[in-house]
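Peer 1: Structure incoming, see below.
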Amino acid sequence: MPESLSLIKDKLFENIFNFAHGGIAILSTKGKWIKVNQSVVKCLGYSEEELYQLSFQDITHKDDLDSDLGHMRSLISGKTDNYQIEKRYFRKNGSIVWTLLSVSLVRDVDGRPLYFISQIHDISKQNEDKSRLGALLRVAKEQNNRLSSFADIITHNLRTHASNLLTLFDFIEEEYQLLVKGENFGLLKESINNLDETVSHLAEVAKIKSIEECKIESLNLSVFVRHALYNVSALAKNINCTIENHICEHHKVKAVPAFLDSIILNFLTNAIKYRSDCRGCIIKLSSEIINEFVVFHIEDNGLGIDLEKYGDNLFQMYKTFHRNKDALGVGLFITKNHIESLGGCVDVKSEVDKGTTFSVYLKSA
């Protein structure tokens, strides 16, 4: 190699070493610092001259030292070619710096160990952020558990009170015939019934919690769809509704049986409920595999939904988009939460007076 080219090459490597954004160091097989770049100096707070008087063992946190030395021995013995660990160093000022350390070993032509090349990246901020995030998650989990317990207590107590009110109302209705004929008494009865209905909705919402993995089963989607179709068969027949079932017999999903039943039945009954009076009701059911999900499609030719106007509120509680007197705005809210608690999601496409397609993504089993 020409001398000028060799000098250029040496200068290039020297520049890479000195100006690399990450810390680079060369250490002896005994752990003494031989050469360090400015990133290492900045990370550890020692000058080059001070580091050259030390070994890495002198400034390594005692809880990380055995692991580091064990990896070094594996490199020297030839068991491994390199290693990467998180470890702590003591800075010159006594503070601790967390680093991501990557080490490889250079050998001579005869295979004898010459020196270690170490890359040292300061990850203190990442670890602080990770610790802060962990603390926030623990707080959020604790608060969520408290809210869950609060919801259970509230719904239980409200249901008890609502039930008592209905019982008392029935007693009064039997004993005071003249009283029940008044308009105010009718309003009172309607209010109590509305309270009981609201408590039932709240109880359903309170049941929606994250599902333990052990409770999730591998379920055949086709079997559950057929069961739901049987349950709505009388309703569909009464309005001459045609339901086309194209669900693949082999598609299985990860779900809780009660949740899967509820999801399918809710979308089916909604498709029937919000049918158009201008044409015969047709509902098409199909399924496909997309990545790790089984996608269950429910397509109807009903009233449709103005997604530009109502899209953001579609799955919100007590939001309704048609004038059906029995529309409560609870079903879609609960159904979406059931789907998400199973690790899935739901997508919707709709055109006013043309129909709606809900696509339910459930994890494939």
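Numbering starts fresh at 1 for the residues of each chain in the structure tokens, the chains themselves are lettered A, B, ... in the order given, and ligands are numbered from 1 as they appear.
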Write out as a PyMOL selection string each polymer residue whose atoms come within 9 Å of stretch 224-241 of chain A, counting only C-alpha atoms; drop sequence neighbours fewer than 3 positions from it.
Peer 2: chain A and resi 219-221+245+247+257+260-262+264-265+268-269+272+280-283+285
Peer 1: Quick one: pick out all strand (DSSP E or B) residues within stretch 203-354 of chain A from a backbone DSSP run and write them as number ranges by chain.
Peer 2: A: 217-220, 242-246, 252-255, 282-290, 293-300, 345-351
Peer 1: Restricting the calculation to only C-alpha atoms, which member of A:Trp33, A:Phe315, A:Phe267, A:Phe358 is positioned closest to A:Ser55?
Peer 2: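 For A:Ser55, the nearest of the given residues is A:Trp33.
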Peer 1: Determine which residues of stretch 12-103 of chain A receive a DSSP assignment of helix (DSSP H, G or I), computed from the backbone, and state them as a ChimeraX atom specification.
Peer 2: /A:12-19,38-44,48-52,56-59,62-77
Peer 1: Give me, please, the distance in Å between atom CA of A:Tyr46 and atom CA of A:Lys92, quoted to one decimal.
Peer 2: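 For atom CA of A:Tyr46 relative to atom CA of A:Lys92, the distance reads 5.8 Å.
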Peer 1: So the first atom is atom CA of A:Leu137 and the second is atom CA of A:Trp98; what is the distance between them in Å, to one decimal place?
Peer 2: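 These atoms are spaced 22.1 Å apart.
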Peer 1: Please indicate the distance in Å from atom CA of A:Lys79 to atom CA of A:Ser67, rounded to one decimal place.
Peer 2: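 Interatomic distance, atom CA of A:Lys79 to atom CA of A:Ser67: 15.1 Å.
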Peer 1: Check the smallest atom-to-atom distance from each of A:Ser276, A:Ser104, A:Ser364, A:Asn301 to A:Ser118 using only C-alpha atoms, then report the winner.
Peer 2: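 Residue with the minimum atom-to-atom distance to A:Ser118: A:Ser104.
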